[in-house]
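File shown: target.txt. Contents: compact mmCIF, C-alpha atoms and all ligand atoms.
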```
# COMPACT_ATOMS: atom_id res chain seq x y z
CA MET F 27 -6.61 -1.49 21.17
CA GLN F 28 -3.98 1.20 20.80
CA ALA F 29 -2.04 1.56 17.59
CA ASN F 30 1.66 0.83 17.80
CA THR F 31 3.18 4.06 19.06
CA LYS F 32 6.82 3.15 18.61
CA GLY F 33 8.76 5.13 16.04
CA LYS F 34 7.93 8.59 14.80
CA GLU F 35 6.04 9.65 11.76
CA ILE F 36 8.02 10.58 8.65
CA LYS F 37 6.23 13.22 6.62
CA VAL F 38 6.30 12.43 2.93
CA ASP F 39 6.79 15.29 0.48
CA LYS F 40 3.65 15.35 -1.65
CA TYR F 41 5.65 15.86 -4.85
CA HIS F 42 7.80 12.79 -4.20
CA MET F 43 6.42 9.64 -5.73
CA ILE F 44 7.69 6.52 -3.95
CA VAL F 45 7.85 3.69 -6.45
CA SER F 46 8.67 0.01 -6.33
CA ARG F 47 8.21 -2.88 -8.68
CA THR F 48 7.89 -6.55 -7.83
CA ASP F 49 7.61 -9.85 -9.64
CA THR F 50 4.30 -11.72 -9.48
CA LYS F 51 5.17 -13.08 -6.03
CA GLY F 52 5.86 -9.68 -4.46
CA ILE F 53 9.66 -9.94 -4.58
CA ILE F 54 11.16 -6.48 -5.04
CA GLU F 55 12.86 -5.95 -8.41
CA TYR F 56 13.24 -2.18 -8.33
CA ALA F 57 12.83 0.73 -5.92
CA ASN F 58 13.28 4.38 -6.82
CA SER F 59 15.50 6.84 -4.94
CA ASN F 60 12.55 8.23 -2.95
CA PHE F 61 11.72 4.71 -1.73
CA ILE F 62 15.35 4.16 -0.73
CA GLU F 63 15.55 7.48 1.09
CA ILE F 64 12.33 7.12 3.07
CA SER F 65 12.64 3.41 3.91
CA GLY F 66 16.26 3.78 5.03
CA TYR F 67 17.30 0.61 3.18
CA GLY F 68 20.01 0.46 0.54
CA ILE F 69 18.99 -0.81 -2.89
CA SER F 70 20.92 -4.05 -2.33
CA GLU F 71 18.93 -4.67 0.87
CA LEU F 72 15.66 -4.33 -1.07
CA VAL F 73 16.10 -6.03 -4.43
CA GLY F 74 15.37 -9.75 -4.15
CA LYS F 75 13.51 -9.35 -0.83
CA PRO F 76 9.78 -9.90 -0.24
CA HIS F 77 7.93 -6.58 -0.14
CA ASN F 78 6.74 -7.22 3.41
CA ILE F 79 10.19 -5.92 4.42
CA VAL F 80 8.40 -2.55 4.87
CA ARG F 81 5.25 -4.01 6.43
CA HIS F 82 4.17 -2.18 9.58
CA PRO F 83 2.69 -4.33 12.37
CA ASP F 84 -0.24 -1.88 12.65
CA MET F 85 -1.46 -2.90 9.18
CA PRO F 86 -4.35 -5.38 9.23
CA ALA F 87 -3.74 -8.46 7.08
CA ILE F 88 -7.16 -8.12 5.46
CA ILE F 89 -6.02 -5.02 3.54
CA PHE F 90 -3.20 -6.99 1.89
CA LYS F 91 -5.53 -9.92 1.23
CA LEU F 92 -7.88 -7.54 -0.57
CA MET F 93 -5.03 -5.94 -2.49
CA TRP F 94 -3.59 -9.29 -3.64
CA GLN F 95 -7.02 -10.62 -4.63
CA ARG F 96 -7.56 -7.56 -6.76
CA ILE F 97 -4.22 -7.48 -8.56
CA GLN F 98 -4.18 -11.25 -9.04
CA SER F 99 -7.55 -10.92 -10.75
CA GLY F 100 -5.92 -8.47 -13.17
CA GLN F 101 -7.22 -5.19 -11.76
CA ASP F 102 -5.40 -2.20 -10.30
CA ILE F 103 -6.30 -0.94 -6.82
CA PHE F 104 -5.79 2.09 -4.60
CA ALA F 105 -4.96 1.45 -0.94
CA VAL F 106 -3.80 3.44 2.05
CA VAL F 107 -0.80 1.82 3.71
CA LYS F 108 1.26 2.53 6.82
CA ASN F 109 4.84 1.48 6.13
CA LEU F 110 7.75 0.79 8.42
CA ALA F 111 11.18 2.34 7.83
CA LYS F 112 14.35 0.47 8.72
CA ASN F 113 14.87 2.57 11.87
CA GLY F 114 11.34 1.90 13.20
CA ASP F 115 9.78 5.16 12.02
CA TYR F 116 6.67 5.03 9.86
CA TYR F 117 4.99 6.84 6.97
CA TRP F 118 1.47 6.77 5.55
CA VAL F 119 1.01 6.56 1.81
CA THR F 120 -1.83 6.39 -0.66
CA THR F 121 -0.74 3.71 -3.08
CA LYS F 122 -1.80 2.70 -6.52
CA PHE F 123 -0.97 -0.95 -7.21
CA GLU F 124 -0.83 -1.64 -10.93
CA ILE F 125 -0.40 -4.82 -12.85
CA LYS F 126 2.34 -4.93 -15.48
CA LYS F 127 2.23 -7.07 -18.59
CA HIS F 128 5.01 -8.32 -20.80
CA PRO F 129 4.92 -6.22 -23.98
CA PHE F 130 5.03 -9.22 -26.33
CA THR F 131 3.29 -12.06 -24.51
CA ASN F 132 0.78 -9.82 -22.69
CA GLN F 133 1.22 -12.06 -19.62
CA VAL F 134 1.23 -10.35 -16.22
CA ASN F 135 4.90 -10.30 -15.23
CA GLY F 136 4.84 -8.10 -12.16
CA TYR F 137 3.28 -5.26 -10.25
CA VAL F 138 4.22 -1.64 -9.64
CA ALA F 139 3.25 0.45 -6.62
CA TYR F 140 3.13 4.25 -6.88
CA ARG F 141 2.87 5.96 -3.51
CA GLN F 142 2.24 9.49 -2.39
CA GLY F 143 2.15 10.79 1.18
CA ALA F 144 -1.43 10.40 2.46
CA LEU F 145 -3.36 13.52 3.40
CA GLU F 146 -3.89 14.21 7.13
CA HIS F 147 -7.63 13.56 7.09
CA VAL F 148 -7.07 10.31 5.19
CA ILE F 149 -4.53 9.18 7.80
CA ASP F 150 -6.96 10.05 10.62
CA THR F 151 -9.82 8.11 9.05
CA MET F 152 -7.84 5.09 7.93
CA SER F 153 -5.79 4.74 11.12
CA LYS F 154 -9.03 4.47 13.12
CA LEU F 155 -10.45 1.89 10.73
CA TYR F 156 -7.18 -0.11 10.71
CA THR F 157 -6.93 -0.03 14.52
CA ASP F 158 -10.41 -1.57 14.71
CA LEU F 159 -9.62 -4.13 12.01
CA LEU F 160 -6.36 -5.14 13.69
CA ALA F 161 -8.04 -5.55 17.07
CA ILE F 162 -10.73 -7.77 15.52
CA GLU F 163 -8.09 -9.75 13.64
CA LYS F 164 -6.06 -10.36 16.80
CA THR F 165 -9.02 -11.64 18.78
CA ASN F 166 -11.26 -13.27 16.16
CA GLY F 167 -9.10 -13.78 13.05
CA MET F 168 -9.15 -12.46 9.50
CA ASP F 169 -12.61 -13.77 8.56
CA ALA F 170 -14.01 -11.53 11.29
CA SER F 171 -12.00 -8.48 10.15
CA GLU F 172 -13.09 -9.12 6.56
CA LYS F 173 -16.73 -9.21 7.65
CA TYR F 174 -16.29 -5.98 9.60
CA LEU F 175 -14.59 -4.27 6.63
CA LEU F 176 -17.24 -5.43 4.15
CA GLU F 177 -20.03 -4.24 6.43
CA PHE F 178 -18.27 -0.91 6.95
CA LEU F 179 -17.91 -0.44 3.17
CA ALA F 180 -21.49 -1.58 2.52
CA SER F 181 -22.69 1.09 4.94
CA LYS F 182 -20.87 3.63 2.72
CA ASN F 183 -22.13 1.93 -0.41
CA MET F 184 -18.59 1.80 -1.80
CA THR F 185 -15.84 -0.70 -2.51
CA TYR F 186 -12.56 -0.28 -0.60
CA ASP F 187 -10.81 1.66 -3.32
CA GLN F 188 -13.87 3.75 -4.15
CA TYR F 189 -13.76 4.74 -0.49
CA ILE F 190 -10.05 5.63 -0.76
CA GLU F 191 -10.66 7.62 -3.94
CA HIS F 192 -13.57 9.34 -2.24
CA LEU F 193 -11.33 10.32 0.72
CA THR F 194 -8.37 11.40 -1.42
CA GLY F 195 -10.49 12.89 -4.22
CA SER F 196 -9.01 16.37 -4.02
CA SER F 197 -5.48 15.07 -4.42
CA SER F 198 -5.17 15.76 -8.11
CA ILE F 199 -1.38 16.11 -7.87
CA PHE F 200 -1.25 12.37 -7.26
CA LYS F 201 -3.36 11.65 -10.32
CA SER F 202 -1.34 13.91 -12.57
CA LEU F 203 1.95 12.45 -11.31
CA LEU F 204 0.52 8.98 -11.81
CA SER F 205 -0.43 9.60 -15.39
CA LYS F 206 3.06 10.96 -16.11
CA MET F 207 4.77 7.98 -14.51
CA ALA F 208 2.47 5.24 -15.71
CA ASN F 209 4.54 4.40 -18.76
CA LEU F 210 7.95 4.53 -17.13
CA PHE F 211 7.81 1.23 -15.29
CA HIS F 212 6.93 -1.51 -17.73
C1 LIG B 1 4.02 -3.93 -6.10
C2 LIG B 1 3.79 -4.25 -4.64
C3 LIG B 1 4.08 -3.29 -3.70
C4 LIG B 1 3.87 -3.54 -2.35
N1 LIG B 1 4.15 -2.56 -1.45
C5 LIG B 1 3.94 -2.79 -0.14
C6 LIG B 1 4.24 -1.78 0.80
O1 LIG B 1 4.64 -0.66 0.48
N2 LIG B 1 4.05 -2.07 2.12
C7 LIG B 1 3.59 -3.29 2.54
O2 LIG B 1 3.46 -3.49 3.75
N3 LIG B 1 3.28 -4.26 1.65
C8 LIG B 1 3.44 -4.03 0.34
N4 LIG B 1 3.14 -5.02 -0.57
C9 LIG B 1 2.48 -6.24 -0.08
C10 LIG B 1 3.49 -7.26 0.43
O3 LIG B 1 3.93 -8.05 -0.65
C11 LIG B 1 2.85 -8.19 1.51
O4 LIG B 1 1.76 -8.88 0.97
C12 LIG B 1 2.37 -7.39 2.74
O5 LIG B 1 3.41 -6.61 3.26
C13 LIG B 1 1.83 -8.32 3.83
O6 LIG B 1 2.80 -9.17 4.25
P1 LIG B 1 2.53 -10.73 4.30
O7 LIG B 1 2.04 -11.10 2.94
O8 LIG B 1 3.81 -11.35 4.70
O9 LIG B 1 1.47 -10.90 5.35
C14 LIG B 1 3.35 -4.79 -1.93
C15 LIG B 1 3.06 -5.77 -2.89
C16 LIG B 1 3.24 -5.50 -4.24
C17 LIG B 1 2.90 -6.54 -5.25
```
Would you mind writing the file's structure down as structure tokens?
Amino acid sequence: MQANTKGKEIKVDKYHMIVSRTDTKGIIEYANSNFIEISGYGISELVGKPHNIVRHPDMPAIIFKLMWQRIQSGQDIFAVVKNLAKNGDYYWVTTKFEIKKHPFTNQVNGYVAYRQGALEHVIDTMSKLYTDLLAIEKTNGMDASEKYLLEFLASKNMTYDQYIEHLTGSSSIFKSLLSKMANLFH
């Protein structure tokens, strides 16, 4: 199956961190100016909306299932995501999803996503994997795409985000930006 070819790719500046924060249900509470610029939405069109507003139809559902399972179990996760801009263009990002806890109660009260433009070789690898996963999902459902993904990862002897970290390993700019920003979005 061919990937969706509508829209053109927006190149993301590697020094621009694209940040959003949601409540525990994935409703957007905050988006930074880079998010607003690249998505093409105004802040008032984003806040209060479900985060799937930027979901690209080329993204297999299994990746979001995995991401939600991980953050709902209290762990952060790295994922590579293709996002849809308001005008139909798209951009690939490596994303760190982090859980956020209330400073006094220590209860999880939301999630933050920090995104950086994905490297070319990461886009190449992940777009092939996602095209396969989406095709399987469309014909045989998400259980089948999950099985395919788990077998693929088992053959690499890695979890999904170990695989992402392995692919993006050289991108230390992302890690240093992440550590600087980590405390800004409680
Ligand atoms: C903090 C946070 C950031 C998210 N960022 C994105 C994103 O950039 N793109 C995206 O497609 N989904 C993102 N999601 C996942 C969406 O909430 C949603 O699960 C996904 O788009 C799949 O849509 P669906 O749940 O309607 O199938 C994010 C979720 C959270 C909690």
Task: Residues within 10 Å of ligand LIG 1 (chain B), counting only C-alpha atoms and all ligand atoms, as an MDAnalysis selection string - done: chainID F and resid 44:57 61 65 75:94 97:98 105:110 117:126 136:141
Open item on the list: Every residue with an atom at most 12 Å from (-16.8, -4.7, 9.3) (file coordinates; all atoms listed in the file) is what I'm after, so could you write them as a PyMOL selection string?
Closed with: chain F and resi 88+155-156+158-163+168-182+186
Identify the residues within 9 Å of coordinate (-11.6, -0.2, -5.8) (same frame as the file), considering all atoms listed in the file, and give the answer as a CSV table (one decimal) with C-alpha atoms, in the coordinates of the input.
```
chain,number,residue,atom,x,y,z
F,96,ARG,CA,-7.6,-7.6,-6.8
F,101,GLN,CA,-7.2,-5.2,-11.8
F,102,ASP,CA,-5.4,-2.2,-10.3
F,103,ILE,CA,-6.3,-0.9,-6.8
F,104,PHE,CA,-5.8,2.1,-4.6
F,105,ALA,CA,-5.0,1.4,-0.9
F,184,MET,CA,-18.6,1.8,-1.8
F,185,THR,CA,-15.8,-0.7,-2.5
F,186,TYR,CA,-12.6,-0.3,-0.6
F,187,ASP,CA,-10.8,1.7,-3.3
F,188,GLN,CA,-13.9,3.8,-4.2
F,189,TYR,CA,-13.8,4.7,-0.5
F,190,ILE,CA,-10.0,5.6,-0.8
F,191,GLU,CA,-10.7,7.6,-3.9
```
Task: Residue among F:Lys112, F:Lys40, F:Lys127, F:His147 lying closest to His192 (chain F), counting all atoms listed in the file - done: F:His147
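Separating CA of Ser153 (chain F) from CA of Gly68 (chain F) is a distance of 28.2 Å.
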Open item on the list: To one decimal place in Å, what is the distance between CA of Leu145 (chain F) and CA of Gln95 (chain F)?
Closed with: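 Result for CA of Leu145 (chain F) versus CA of Gln95 (chain F): 25.7 Å, one decimal.
If you look at CA of Lys154 (chain F) and CA of Gly114 (chain F), they are 20.5 Å away from each other.
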Open item on the list: Here is a test: counting all atoms listed in the file, which residue of F:Gly143, F:Gly100, F:Gly167, F:Pro129 is nearest to Tyr41 (chain F)?
Closed with: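 Among the listed residues, F:Gly143 lies closest to Tyr41 (chain F).
You can rank F:Thr131, F:Asn183, F:Asn113, F:Thr194 by their closest distance to Thr151 (chain F) using all atoms listed in the file, and at the top of that list sits F:Thr194.
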Could you add the missing atoms to region 133-147 of chain F, up to N, CA and C atoms, and return them as a PDB file, in the frame of the given file?
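Saved to rebuild.pdb:
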```
ATOM      1  N   GLN F 133       1.403 -11.376 -20.910  1.00  0.00           N
ATOM      2  CA  GLN F 133       1.220 -12.060 -19.620  1.00  0.00           C
ATOM      3  C   GLN F 133       1.581 -11.085 -18.498  1.00  0.00           C
ATOM      4  N   VAL F 134       0.857 -11.165 -17.392  1.00  0.00           N
ATOM      5  CA  VAL F 134       1.230 -10.350 -16.220  1.00  0.00           C
ATOM      6  C   VAL F 134       2.599 -10.817 -15.749  1.00  0.00           C
ATOM      7  N   ASN F 135       3.558  -9.880 -15.675  1.00  0.00           N
ATOM      8  CA  ASN F 135       4.900 -10.300 -15.230  1.00  0.00           C
ATOM      9  C   ASN F 135       5.361  -9.543 -13.988  1.00  0.00           C
ATOM     10  N   GLY F 136       4.469  -8.779 -13.400  1.00  0.00           N
ATOM     11  CA  GLY F 136       4.840  -8.100 -12.160  1.00  0.00           C
ATOM     12  C   GLY F 136       3.841  -7.023 -11.805  1.00  0.00           C
ATOM     13  N   TYR F 137       4.161  -6.319 -10.733  1.00  0.00           N
ATOM     14  CA  TYR F 137       3.280  -5.260 -10.250  1.00  0.00           C
ATOM     15  C   TYR F 137       4.135  -4.048  -9.899  1.00  0.00           C
ATOM     16  N   VAL F 138       3.533  -2.874 -10.046  1.00  0.00           N
ATOM     17  CA  VAL F 138       4.220  -1.640  -9.640  1.00  0.00           C
ATOM     18  C   VAL F 138       3.352  -0.925  -8.624  1.00  0.00           C
ATOM     19  N   ALA F 139       3.978  -0.355  -7.604  1.00  0.00           N
ATOM     20  CA  ALA F 139       3.250   0.450  -6.620  1.00  0.00           C
ATOM     21  C   ALA F 139       3.758   1.887  -6.692  1.00  0.00           C
ATOM     22  N   TYR F 140       2.827   2.823  -6.878  1.00  0.00           N
ATOM     23  CA  TYR F 140       3.130   4.250  -6.880  1.00  0.00           C
ATOM     24  C   TYR F 140       2.525   4.839  -5.609  1.00  0.00           C
ATOM     25  N   ARG F 141       3.363   5.467  -4.807  1.00  0.00           N
ATOM     26  CA  ARG F 141       2.870   5.960  -3.510  1.00  0.00           C
ATOM     27  C   ARG F 141       3.108   7.454  -3.358  1.00  0.00           C
ATOM     28  N   GLN F 142       2.104   8.087  -2.742  1.00  0.00           N
ATOM     29  CA  GLN F 142       2.240   9.490  -2.390  1.00  0.00           C
ATOM     30  C   GLN F 142       1.860   9.627  -0.920  1.00  0.00           C
ATOM     31  N   GLY F 143       2.494  10.566  -0.218  1.00  0.00           N
ATOM     32  CA  GLY F 143       2.150  10.790   1.180  1.00  0.00           C
ATOM     33  C   GLY F 143       0.642  10.984   1.319  1.00  0.00           C
ATOM     34  N   ALA F 144       0.025  10.290   2.284  1.00  0.00           N
ATOM     35  CA  ALA F 144      -1.430  10.400   2.460  1.00  0.00           C
ATOM     36  C   ALA F 144      -1.756  11.732   3.143  1.00  0.00           C
ATOM     37  N   LEU F 145      -2.908  12.268   2.798  1.00  0.00           N
ATOM     38  CA  LEU F 145      -3.360  13.520   3.400  1.00  0.00           C
ATOM     39  C   LEU F 145      -3.753  13.282   4.868  1.00  0.00           C
ATOM     40  N   GLU F 146      -3.612  14.331   5.675  1.00  0.00           N
ATOM     41  CA  GLU F 146      -3.890  14.210   7.130  1.00  0.00           C
ATOM     42  C   GLU F 146      -5.252  13.588   7.427  1.00  0.00           C
ATOM     43  N   HIS F 147      -6.306  14.078   6.756  1.00  0.00           N
ATOM     44  CA  HIS F 147      -7.630  13.560   7.090  1.00  0.00           C
ATOM     45  C   HIS F 147      -7.789  12.095   6.657  1.00  0.00           C
TER      46      HIS F 147
END
```
